$ cat start.txt   # compact mmCIF, C-alpha atoms
# COMPACT_ATOMS: atom_id res chain seq x y z
CA MET A 1 169.13 53.23 70.20
CA ALA A 2 170.29 52.13 66.76
CA GLU A 3 171.31 54.70 64.19
CA PRO A 4 168.72 55.08 61.38
CA THR A 5 169.67 53.30 58.19
CA ARG A 6 170.91 55.68 55.53
CA ALA A 7 171.00 55.10 51.82
CA ALA A 8 174.48 54.63 50.47
CA PRO A 9 175.66 57.74 48.63
CA ARG A 10 175.83 57.51 44.86
CA PRO A 11 179.36 57.44 43.52
CA ALA A 12 180.67 60.67 42.04
CA GLY A 13 181.60 60.83 38.39
CA VAL A 14 178.56 59.15 36.83
CA GLY A 15 178.37 61.98 34.31
CA GLU A 16 181.96 61.49 33.17
CA LEU A 17 181.37 57.75 32.72
CA PHE A 18 178.27 58.47 30.65
CA GLN A 19 180.30 60.59 28.22
CA LEU A 20 182.25 57.45 27.28
CA LEU A 21 178.99 55.76 26.30
CA ARG A 22 177.58 58.59 24.19
CA ASP A 23 179.14 57.23 21.00
CA GLY A 24 176.57 54.41 21.14
CA ARG A 25 179.11 51.57 21.14
CA PRO A 26 178.17 48.74 23.54
CA ARG A 27 180.66 48.17 26.35
CA THR A 28 180.95 45.77 29.24
CA ARG A 29 181.63 46.76 32.82
CA SER A 30 185.11 45.33 32.33
CA ASP A 31 185.66 47.54 29.26
CA LEU A 32 184.71 50.62 31.25
CA ALA A 33 186.93 49.64 34.16
CA THR A 34 189.88 49.19 31.80
CA VAL A 35 189.34 52.56 30.09
CA THR A 36 188.80 54.55 33.28
CA GLY A 37 191.14 52.69 35.64
CA GLN A 38 188.32 52.56 38.21
CA SER A 39 187.45 49.53 40.31
CA ARG A 40 184.84 47.00 39.17
CA SER A 41 182.62 47.89 42.14
CA THR A 42 182.72 51.61 41.32
CA ILE A 43 181.91 50.94 37.67
CA ALA A 44 179.06 48.60 38.62
CA ALA A 45 177.46 51.23 40.86
CA ARG A 46 177.76 53.91 38.20
CA VAL A 47 176.35 51.70 35.46
CA ASP A 48 173.42 50.83 37.73
CA ALA A 49 172.73 54.53 38.26
CA LEU A 50 172.74 55.13 34.49
CA LEU A 51 170.51 52.13 33.85
CA ALA A 52 168.01 53.48 36.39
CA SER A 53 167.96 56.84 34.55
CA GLY A 54 166.98 55.13 31.29
CA LEU A 55 169.76 56.92 29.40
CA VAL A 56 171.74 53.70 29.26
CA ALA A 57 170.19 50.35 28.36
CA PRO A 58 171.32 46.72 28.08
CA ALA A 59 172.75 46.00 24.62
CA GLY A 60 173.08 42.22 24.62
CA GLU A 61 176.06 40.06 25.54
CA ALA A 62 179.68 40.27 24.53
CA THR A 63 181.61 37.30 23.19
CA SER A 64 182.55 34.96 26.00
CA THR A 65 186.19 34.12 26.66
CA GLY A 66 185.08 31.31 28.93
CA GLY A 67 182.13 31.11 31.27
CA ARG A 68 179.02 33.25 31.16
CA PRO A 69 179.08 35.97 28.44
CA PRO A 70 179.35 39.45 30.00
CA ALA A 71 176.47 41.91 29.55
CA THR A 72 177.03 45.06 27.49
CA PHE A 73 175.51 48.51 27.89
CA ALA A 74 175.04 51.46 25.52
CA PHE A 75 173.58 54.93 25.32
CA ASN A 76 169.80 54.86 24.80
CA PRO A 77 169.03 57.99 22.74
CA ALA A 78 165.32 57.09 22.60
CA ALA A 79 164.97 57.63 26.37
CA ARG A 80 163.84 61.23 25.83
CA VAL A 81 163.31 63.65 22.94
CA VAL A 82 164.11 67.29 22.22
CA LEU A 83 162.29 69.91 20.17
CA ALA A 84 164.54 71.75 17.71
CA VAL A 85 163.32 75.12 16.37
CA ASP A 86 164.96 77.06 13.53
CA LEU A 87 163.35 80.48 13.00
CA GLY A 88 164.43 82.67 10.10
CA ALA A 89 163.16 85.98 8.77
CA THR A 90 160.55 84.24 6.64
CA HIS A 91 160.55 80.57 7.68
CA ALA A 92 160.10 78.21 10.61
CA ARG A 93 161.53 74.69 10.64
CA LEU A 94 160.87 72.45 13.60
CA ALA A 95 161.78 68.86 14.39
CA VAL A 96 161.40 66.42 17.23
CA THR A 97 164.58 64.37 17.53
CA ASP A 98 165.94 61.75 19.86
CA LEU A 99 168.94 62.56 22.04
CA ALA A 100 171.36 61.57 19.27
CA GLY A 101 169.83 64.01 16.77
CA THR A 102 167.82 61.49 14.73
CA VAL A 103 164.77 63.30 13.34
CA LEU A 104 161.52 61.60 14.36
CA ALA A 105 159.05 64.18 12.99
CA GLU A 106 159.54 67.55 11.29
CA HIS A 107 157.62 70.46 9.80
CA GLY A 108 158.44 73.63 7.88
CA GLU A 109 156.31 76.62 6.91
CA ALA A 110 156.53 80.28 5.97
CA ILE A 111 156.34 82.82 8.80
CA SER A 112 157.07 86.51 9.28
CA ILE A 113 159.47 87.00 12.17
CA ASP A 114 158.47 90.67 12.27
CA ALA A 115 154.97 89.62 13.45
CA GLY A 116 156.52 89.64 16.93
CA PRO A 117 157.28 87.08 19.63
CA GLU A 118 153.76 86.28 20.84
CA PRO A 119 152.22 85.06 17.55
CA VAL A 120 155.43 83.41 16.34
CA LEU A 121 156.12 81.54 19.58
CA THR A 122 152.45 80.56 19.93
CA ARG A 123 152.75 78.91 16.53
CA VAL A 124 156.00 77.22 17.61
CA VAL A 125 154.21 75.68 20.59
CA GLU A 126 151.35 74.48 18.39
CA ILE A 127 153.69 72.85 15.89
CA GLY A 128 155.86 71.39 18.64
CA ARG A 129 152.92 69.66 20.31
CA THR A 130 151.74 68.29 16.97
CA LEU A 131 155.21 66.92 16.19
CA LEU A 132 155.41 65.20 19.57
CA THR A 133 152.16 63.42 18.75
CA GLN A 134 153.39 62.50 15.28
CA ALA A 135 156.55 61.05 16.80
CA GLY A 136 154.47 58.94 19.17
CA ARG A 137 155.84 60.65 22.26
CA GLU A 138 154.17 62.17 25.32
CA PRO A 139 154.71 65.77 26.51
CA GLY A 140 156.58 64.34 29.51
CA ASP A 141 159.16 62.82 27.15
CA LEU A 142 160.35 66.28 26.13
CA ALA A 143 163.75 66.81 27.76
CA SER A 144 164.55 70.26 26.40
CA VAL A 145 163.98 72.74 23.58
CA GLY A 146 166.58 74.40 21.35
CA VAL A 147 165.72 77.59 19.43
CA GLY A 148 167.62 79.53 16.79
CA LEU A 149 166.69 83.18 16.14
CA PRO A 150 167.78 85.35 13.17
CA GLY A 151 169.45 88.06 15.21
CA PRO A 152 171.91 88.74 18.06
CA VAL A 153 171.12 86.68 21.15
CA GLU A 154 172.60 86.97 24.63
CA HIS A 155 173.15 83.25 25.07
CA SER A 156 173.28 83.32 28.88
CA THR A 157 169.71 84.67 29.06
CA GLY A 158 168.32 83.55 25.69
CA ARG A 159 167.08 87.08 24.99
CA PRO A 160 167.48 88.74 21.57
CA ILE A 161 169.31 92.07 21.82
CA ASN A 162 168.46 94.83 19.32
CA PRO A 163 167.84 92.39 16.45
CA PRO A 164 167.74 94.42 13.20
CA ILE A 165 165.13 92.30 11.38
CA MET A 166 163.00 91.36 14.42
CA PRO A 167 160.86 94.35 15.48
CA GLY A 168 159.22 93.78 18.84
CA TRP A 169 161.67 91.05 19.91
CA ASP A 170 164.26 93.16 21.71
CA ASP A 171 164.89 91.68 25.19
CA ALA A 172 161.94 89.28 24.83
CA ASP A 173 162.15 86.46 27.37
CA VAL A 174 161.93 83.68 24.80
CA PRO A 175 162.99 80.88 27.20
CA GLU A 176 160.28 81.78 29.70
CA MET A 177 157.58 82.20 27.04
CA LEU A 178 158.25 78.72 25.67
CA SER A 179 159.17 76.81 28.82
CA ALA A 180 155.96 77.91 30.54
CA ARG A 181 153.93 76.29 27.74
CA LEU A 182 156.07 73.27 26.95
CA ASP A 183 157.21 72.45 30.50
CA ALA A 184 160.84 71.92 29.51
CA PRO A 185 164.07 73.94 29.71
CA VAL A 186 164.63 76.17 26.67
CA LEU A 187 168.00 77.16 25.16
CA VAL A 188 168.18 80.01 22.63
CA ASP A 189 170.99 81.06 20.32
CA ASN A 190 171.61 82.94 17.10
CA ASP A 191 170.45 80.88 14.12
CA VAL A 192 173.83 80.92 12.37
CA ASN A 193 175.58 79.62 15.48
CA LEU A 194 173.22 76.67 15.44
CA MET A 195 173.72 76.11 11.71
CA ALA A 196 177.46 75.94 12.36
CA LEU A 197 176.87 73.52 15.23
CA GLY A 198 174.53 71.40 13.12
CA GLU A 199 176.89 71.25 10.15
CA HIS A 200 179.85 70.45 12.38
CA THR A 201 178.04 67.78 14.38
CA ALA A 202 176.45 66.07 11.39
CA ARG A 203 179.13 66.35 8.69
CA TRP A 204 182.44 67.73 9.97
CA ARG A 205 182.86 66.24 13.44
CA THR A 206 186.58 65.55 12.92
CA VAL A 207 187.27 69.18 11.90
CA SER A 208 188.32 71.37 14.81
CA HIS A 209 188.22 74.78 13.10
CA LEU A 210 185.24 75.66 10.89
CA LEU A 211 183.33 78.74 9.75
CA TYR A 212 179.71 78.44 8.64
CA VAL A 213 178.54 81.39 6.53
CA LYS A 214 174.82 81.93 6.00
CA VAL A 215 173.80 84.07 3.03
CA ALA A 216 170.08 84.80 2.96
CA THR A 217 167.96 87.80 4.04
CA GLY A 218 170.93 88.59 6.26
CA ILE A 219 174.54 87.40 6.36
CA GLY A 220 176.17 85.87 9.41
CA ALA A 221 178.79 83.37 10.48
CA GLY A 222 179.04 80.65 13.10
CA ILE A 223 182.52 79.89 14.42
CA ILE A 224 183.80 76.50 15.56
CA LEU A 225 187.20 76.77 17.30
CA ASP A 226 188.96 73.79 18.87
CA GLY A 227 185.83 71.75 18.20
CA SER A 228 183.49 74.04 20.15
CA LEU A 229 181.13 76.85 19.23
CA ALA A 230 182.70 80.27 19.90
CA ARG A 231 180.05 82.83 20.89
CA GLY A 232 182.21 85.68 22.17
CA ALA A 233 181.80 87.68 25.36
CA GLN A 234 178.11 88.56 24.90
CA GLY A 235 177.20 86.07 22.19
CA SER A 236 177.68 88.34 19.18
CA ALA A 237 180.71 86.67 17.61
CA GLY A 238 180.31 86.00 13.90
CA ASP A 239 178.21 89.05 13.00
CA LEU A 240 179.76 89.06 9.55
CA GLY A 241 176.93 90.95 7.85
CA HIS A 242 177.74 94.24 9.53
CA ILE A 243 181.42 94.40 8.66
CA ALA A 244 182.16 96.99 5.98
CA VAL A 245 183.10 95.57 2.58
CA PRO A 246 186.63 96.61 1.58
CA GLY A 247 186.25 99.06 -1.30
CA GLY A 248 182.49 98.45 -1.38
CA VAL A 249 179.68 100.86 -2.16
CA ASP A 250 178.54 103.21 0.58
CA ARG A 251 175.02 101.75 0.71
CA PRO A 252 172.82 102.29 3.80
CA CYS A 253 172.27 99.21 5.98
CA ARG A 254 169.29 98.62 8.23
CA CYS A 255 171.68 98.47 11.22
CA GLY A 256 172.21 102.22 10.76
CA ASN A 257 175.68 102.09 9.23
CA THR A 258 176.65 102.16 5.55
CA GLY A 259 178.63 99.81 3.34
CA CYS A 260 177.88 96.71 5.41
CA LEU A 261 178.28 93.31 3.76
CA GLU A 262 174.57 92.58 4.28
CA ALA A 263 173.62 95.79 2.43
CA VAL A 264 175.80 94.77 -0.50
CA ALA A 265 175.63 90.98 -0.83
CA SER A 266 172.52 89.59 0.91
CA GLY A 267 169.62 88.09 -1.04
CA PRO A 268 167.53 91.28 -0.93
CA ALA A 269 170.56 93.39 -1.92
CA ILE A 270 171.23 91.18 -4.94
CA ALA A 271 167.53 91.32 -5.86
CA ALA A 272 167.55 95.13 -5.63
CA ASP A 273 170.61 95.35 -7.89
CA LEU A 274 169.00 93.06 -10.44
CA THR A 275 165.75 95.03 -10.40
CA ALA A 276 167.68 98.26 -10.94
CA ALA A 277 169.30 96.58 -13.95
CA GLY A 278 165.90 95.65 -15.39
CA VAL A 279 165.70 92.04 -14.12
CA THR A 280 162.71 91.75 -11.79
CA ALA A 281 163.54 90.16 -8.43
CA ALA A 282 162.30 90.91 -4.93
CA THR A 283 163.59 88.14 -2.65
CA SER A 284 166.41 85.63 -2.19
CA SER A 285 164.12 82.98 -3.66
CA ASP A 286 163.66 85.09 -6.80
CA VAL A 287 167.43 85.41 -7.19
CA VAL A 288 167.95 81.66 -6.83
CA ALA A 289 165.17 80.92 -9.32
CA LEU A 290 166.72 83.28 -11.87
CA VAL A 291 170.14 81.66 -11.54
CA ARG A 292 168.69 78.18 -11.87
CA SER A 293 166.82 79.24 -14.99
CA GLY A 294 170.12 80.26 -16.58
CA ASN A 295 169.76 84.04 -16.29
CA ILE A 296 173.21 85.46 -16.99
CA GLU A 297 172.68 88.75 -15.12
CA ALA A 298 171.55 86.92 -11.99
CA SER A 299 174.48 84.49 -12.14
CA ARG A 300 176.90 87.39 -12.52
CA ALA A 301 175.29 89.28 -9.61
CA VAL A 302 175.52 86.24 -7.32
CA ARG A 303 179.18 85.73 -8.19
CA ASP A 304 179.86 89.43 -7.49
CA ALA A 305 178.14 89.02 -4.13
CA GLY A 306 180.43 86.07 -3.46
CA ARG A 307 183.44 88.27 -4.17
CA SER A 308 182.20 90.86 -1.64
CA ILE A 309 181.70 88.13 0.94
CA GLY A 310 185.16 86.79 0.11
CA GLY A 311 186.67 90.20 0.78
CA VAL A 312 185.36 90.12 4.35
CA LEU A 313 186.11 86.43 4.83
CA ALA A 314 189.73 86.90 3.74
CA ALA A 315 190.35 88.87 6.93
CA CYS A 316 188.53 86.23 8.98
CA VAL A 317 190.67 83.49 7.43
CA SER A 318 193.89 85.31 8.26
CA MET A 319 192.73 85.88 11.85
CA LEU A 320 191.02 82.56 12.69
CA ASN A 321 192.74 80.12 10.29
CA PRO A 322 189.79 77.72 9.78
CA SER A 323 190.35 74.52 7.82
CA VAL A 324 186.83 74.54 6.36
CA ILE A 325 184.41 77.33 5.37
CA VAL A 326 180.88 76.05 4.76
CA VAL A 327 178.54 78.28 2.76
CA GLY A 328 174.82 77.87 3.41
CA GLY A 329 171.60 79.87 3.52
CA GLN A 330 169.00 80.47 0.85
CA VAL A 331 171.28 82.26 -1.63
CA ALA A 332 173.69 79.31 -1.52
CA GLY A 333 170.92 77.43 -3.34
CA ALA A 334 172.00 79.35 -6.45
CA GLY A 335 174.75 76.79 -6.85
CA GLU A 336 178.45 77.16 -7.51
CA HIS A 337 178.36 80.86 -8.49
CA LEU A 338 178.34 82.13 -4.90
CA VAL A 339 181.03 79.76 -3.65
CA ALA A 340 183.21 80.44 -6.71
CA GLY A 341 183.14 84.19 -6.01
CA ILE A 342 184.10 83.62 -2.38
CA ARG A 343 186.96 81.28 -3.28
CA GLU A 344 188.29 83.69 -5.89
CA VAL A 345 188.90 86.46 -3.36
CA VAL A 346 189.76 84.44 -0.24
CA TYR A 347 192.49 82.45 -1.96
CA ARG A 348 193.90 85.61 -3.54
CA ARG A 349 193.88 87.88 -0.49
CA SER A 350 194.51 85.62 2.52
CA LEU A 351 197.97 84.53 3.61
CA PRO A 352 199.27 81.38 1.85
CA LEU A 353 199.79 79.54 5.13
CA ALA A 354 196.16 80.17 6.14
CA THR A 355 194.80 78.90 2.82
CA GLN A 356 197.27 76.04 2.29
CA HIS A 357 194.72 73.39 3.30
CA LEU A 358 191.57 75.52 3.42
CA ARG A 359 188.40 74.09 1.86
CA ILE A 360 185.49 76.37 0.91
CA VAL A 361 182.45 74.20 0.27
CA PRO A 362 178.64 74.34 0.00
CA THR A 363 176.62 73.12 2.96
CA ARG A 364 176.16 69.37 3.27
CA THR A 365 173.14 69.60 5.57
CA GLY A 366 171.19 72.13 3.49
CA THR A 367 168.07 73.47 5.15
CA GLU A 368 168.45 70.98 8.02
CA ALA A 369 171.53 72.67 9.51
CA GLY A 370 169.54 74.90 11.89
CA VAL A 371 167.34 72.18 13.37
CA LEU A 372 170.28 69.78 13.69
CA GLY A 373 172.21 72.45 15.59
CA ALA A 374 169.23 73.31 17.79
CA SER A 375 168.83 69.60 18.55
CA ALA A 376 172.53 69.25 19.43
CA MET A 377 172.40 72.28 21.74
CA ALA A 378 169.25 71.06 23.48
CA ALA A 379 170.57 67.52 23.87
CA GLU A 380 173.89 68.70 25.28
CA HIS A 381 171.99 70.61 27.97
CA VAL A 382 170.64 67.33 29.37
CA LEU A 383 173.52 65.00 28.51
CA SER A 384 176.57 66.93 29.73
CA ALA A 385 178.53 65.41 32.60
CA SER A 386 177.20 67.98 35.08
CA ALA A 387 173.61 67.46 33.94
CA ILE A 388 173.90 63.68 34.33
CA ASP A 389 175.44 64.07 37.79
CA ALA A 390 172.52 66.31 38.79
CA LEU A 391 169.99 63.85 37.33
CA VAL A 392 171.23 60.76 39.14
CA GLY A 393 172.64 62.48 42.22

$ encode --input "start.txt" --output "structure tokens"
Amino acid sequence: MAEPTRAAPRPAGVGELFQLLRDGRPRTRSDLATVTGQSRSTIAARVDALLASGLVAPAGEATSTGGRPPATFAFNPAARVVLAVDLGATHARLAVTDLAGTVLAEHGEAISIDAGPEPVLTRVVEIGRTLLTQAGREPGDLASVGVGLPGPVEHSTGRPINPPIMPGWDDADVPEMLSARLDAPVLVDNDVNLMALGEHTARWRTVSHLLYVKVATGIGAGIILDGSLARGAQGSAGDLGHIAVPGGVDRPCRCGNTGCLEAVASGPAIAADLTAAGVTAATSSDVVALVRSGNIEASRAVRDAGRSIGGVLAACVSMLNPSVIVVGGQVAGAGEHLVAGIREVVYRRSLPLATQHLRIVPTRTGTEAGVLGASAMAAEHVLSASAIDALVG
């Protein structure tokens, strides 16, 4: 009796080959064979597997050197989409993007994160579904969801852990609450980590060592080391706002300690100092508006806040030796005053070798940093070599 016919096994390493195509540049099978050193037959089988997945598509013909022009292939970022969610203390920004991070539809609105996970995430689902429709995509096109939260997140589980400004969110199973309604895998991280990732991916891709500092209702940092996001052992790396300010005032912080950077230099802290000095301000937005209107007291207060932030960052610079510090968040909208205060102290107090080529600059992605980072995280989940191997295996 004849042996039953078995399908030929797919070649290993399809995921690694796909990584070569993610830059979007069209390549022929011969190009890929030359780069990888693999046989033409192996490359042909792997390209066929990627074509069948839809993540790679024909990209026309290369110039002929004699005979029939060879076909080229390239990454097809439109094959699927991701939902990027940036949640702050008082805002929600969402976008549907393709797999290369191109925004197809987006929406922003005011929220109160302290309303709790159920109402906030219900609204996220509503907006997400609307954006999919606006982008002309079906629910089945959604490959994954990336979410940034304004508090400590255990990245391995996606659960917020004792977040100071998020009552009711502690240990909430955010991935499960969203994936059950959107039918897609959900990745969750701290919002500042995603801002760092978004800024790095969109504007500083060639920089290997970068700090992104968010100054808003809270203060935090995202750390890029050797080109990758550094989260730390439990995901709490970069919690800049709860480091004590050197020589700072002993002001109570909502984390339970005193003298924390957030209690001294965040948007609400600046607003409180201004109000005490007779200049009415209640929020970060009020502070920014005062500075933009030319208010001298507000401009001075923002620069002083920058100096406090610089005092903490000086230690970070000496320890991590970044080549770029990007300053973002709502208070950064006050303009050069904040960045000038940070530069003043960092350049004075950090070691000369660490600051020799250091640039301290305002954000280049503005309010889009969080959604761009959430998109990059969500896309990487489905485009990594291991994910592609699992998809086509």

$ residues_around --input "start.txt" --residues "Leu21 in chain A" --least-positions-apart "4" --cutoff "7 Å" --atoms "all atoms listed in the file" --output "number ranges by chain"
A: 25, 74-75

$ closest_atom_pairs --input "start.txt" --of "range 152-178 of chain A" --to "range 116-122 of chain A" --cutoff "8 Å" --atoms "all atoms listed in the file" --output "Markdown table"
| residue | atom | partner | partner_atom | distance |
| --- | --- | --- | --- | --- |
| A:Met166 | CA | A:Gly116 | CA | 7.2 |
| A:Pro167 | CA | A:Gly116 | CA | 6.6 |
| A:Gly168 | CA | A:Gly116 | CA | 5.3 |
| A:Trp169 | CA | A:Pro117 | CA | 5.9 |
| A:Ala172 | CA | A:Pro117 | CA | 7.3 |
| A:Val174 | CA | A:Pro117 | CA | 7.7 |
| A:Met177 | CA | A:Leu121 | CA | 7.6 |
| A:Leu178 | CA | A:Leu121 | CA | 7.0 |

$ closest_atom_pairs --input "start.txt" --of "range 123-146 of chain A" --to "range 101-114 of chain A" --cutoff "10 Å" --atoms "all atoms listed in the file" --output "tab-separated table"
residue	atom	partner	partner_atom	distance
A:Arg123	CA	A:Ile111	CA	9.4
A:Ile127	CA	A:His107	CA	7.6
A:Gly128	CA	A:His107	CA	9.1
A:Thr130	CA	A:Ala105	CA	9.3
A:Leu131	CA	A:Ala105	CA	5.7
A:Leu132	CA	A:Ala105	CA	7.6
A:Thr133	CA	A:Ala105	CA	9.0
A:Gln134	CA	A:Ala105	CA	6.3
A:Ala135	CA	A:Ala105	CA	5.5
A:Gly136	CA	A:Leu104	CA	8.9
A:Arg137	CA	A:Leu104	CA	9.8

$ closest_residue --input "start.txt" --among "A:Thr157, A:Thr201, A:Thr36, A:Gln330" --to "Leu20 in chain A" --atoms "all atoms listed in the file"
A:Thr36

$ residues_around --input "start.txt" --residues "range 204-212 of chain A" --least-positions-apart "2" --cutoff "9 Å" --atoms "all atoms listed in the file" --output "PyMOL selection string"
chain A and resi 192-193+195-197+199-202+214+220-228+238+320-328+363

$ atom_distance --input "start.txt" --atom1 "CA of Pro175 in chain A" --atom2 "CA of His155 in chain A"
10.6 Å

$ residues_near_point --input "start.txt" --point "(183.8, 79.2, 2.0)" --cutoff "12 Å" --atoms "all atoms listed in the file" --output "PyMOL selection string"
chain A and resi 210-215+221+306-307+309-314+316-317+322-328+332+336-347+355+358-363

$ atom_distance --input "start.txt" --atom1 "CA of Glu16 in chain A" --atom2 "CA of Leu229 in chain A"
20.8 Å

$ residues_around --input "start.txt" --residues "range 81-88 of chain A" --least-positions-apart "4" --cutoff "6 Å" --atoms "only C-alpha atoms" --output "PyMOL selection string"
chain A and resi 92-99+141-150+370-371+374-375

$ write_last_selection --input "start.txt" --atoms "C-alpha atoms" --output "PDB file, in the frame of the given file"
ATOM      1  CA  ALA A  92     160.100  78.210  10.610  1.00  0.00           C
ATOM      2  CA  ARG A  93     161.530  74.690  10.640  1.00  0.00           C
ATOM      3  CA  LEU A  94     160.870  72.450  13.600  1.00  0.00           C
ATOM      4  CA  ALA A  95     161.780  68.860  14.390  1.00  0.00           C
ATOM      5  CA  VAL A  96     161.400  66.420  17.230  1.00  0.00           C
ATOM      6  CA  THR A  97     164.580  64.370  17.530  1.00  0.00           C
ATOM      7  CA  ASP A  98     165.940  61.750  19.860  1.00  0.00           C
ATOM      8  CA  LEU A  99     168.940  62.560  22.040  1.00  0.00           C
ATOM      9  CA  ASP A 141     159.160  62.820  27.150  1.00  0.00           C
ATOM     10  CA  LEU A 142     160.350  66.280  26.130  1.00  0.00           C
ATOM     11  CA  ALA A 143     163.750  66.810  27.760  1.00  0.00           C
ATOM     12  CA  SER A 144     164.550  70.260  26.400  1.00  0.00           C
ATOM     13  CA  VAL A 145     163.980  72.740  23.580  1.00  0.00           C
ATOM     14  CA  GLY A 146     166.580  74.400  21.350  1.00  0.00           C
ATOM     15  CA  VAL A 147     165.720  77.590  19.430  1.00  0.00           C
ATOM     16  CA  GLY A 148     167.620  79.530  16.790  1.00  0.00           C
ATOM     17  CA  LEU A 149     166.690  83.180  16.140  1.00  0.00           C
ATOM     18  CA  PRO A 150     167.780  85.350  13.170  1.00  0.00           C
ATOM     19  CA  GLY A 370     169.540  74.900  11.890  1.00  0.00           C
ATOM     20  CA  VAL A 371     167.340  72.180  13.370  1.00  0.00           C
ATOM     21  CA  ALA A 374     169.230  73.310  17.790  1.00  0.00           C
ATOM     22  CA  SER A 375     168.830  69.600  18.550  1.00  0.00           C
TER      23      SER A 375
END

$ closest_residue --input "start.txt" --among "A:Ala265, A:Glu297, A:Ser53, A:Gly329" --to "Gly278 in chain A" --atoms "all atoms listed in the file"
A:Glu297

$ closest_residue --input "start.txt" --among "A:Ser156, A:Ser299, A:Asn162, A:Ser284" --to "Leu187 in chain A" --atoms "all atoms listed in the file"
A:Ser156

$ closest_residue --input "start.txt" --among "A:Cys253, A:Ala390, A:Leu274, A:Ala282" --to "Ile296 in chain A" --atoms "all atoms listed in the file"
A:Leu274

$ axis_aligned_box --input "start.txt" --around "range 375-391 of chain A" --padding-each-side "5 Å" --output "AutoDock Vina command-line options"
--center_x 173.7 --center_y 68.0 --center_z 28.7 --size_x 19.7 --size_y 18.6 --size_z 30.2

$ atom_distance --input "start.txt" --atom1 "CA of Glu154 in chain A" --atom2 "CA of Ala244 in chain A"
23.2 Å

$ closest_residue --input "start.txt" --among "A:Ala276, A:Ala369, A:Val56, A:Leu391" --to "Leu194 in chain A" --atoms "all atoms listed in the file"
A:Ala369

$ closest_residue --input "start.txt" --among "A:Gly198, A:Pro164, A:Pro152, A:Gly294" --to "Ser236 in chain A" --atoms "only C-alpha atoms"
A:Pro152

$ residues_around --input "start.txt" --residues "Leu55 in chain A" --least-positions-apart "6" --cutoff "7 Å" --atoms "all atoms listed in the file" --output "compact mmCIF listing (two decimals) with C-alpha atoms, in the coordinates of the input"
# COMPACT_ATOMS: atom_id res chain seq x y z
CA PHE A 75 173.58 54.93 25.32
CA ASN A 76 169.80 54.86 24.80
CA PRO A 77 169.03 57.99 22.74
CA ALA A 79 164.97 57.63 26.37
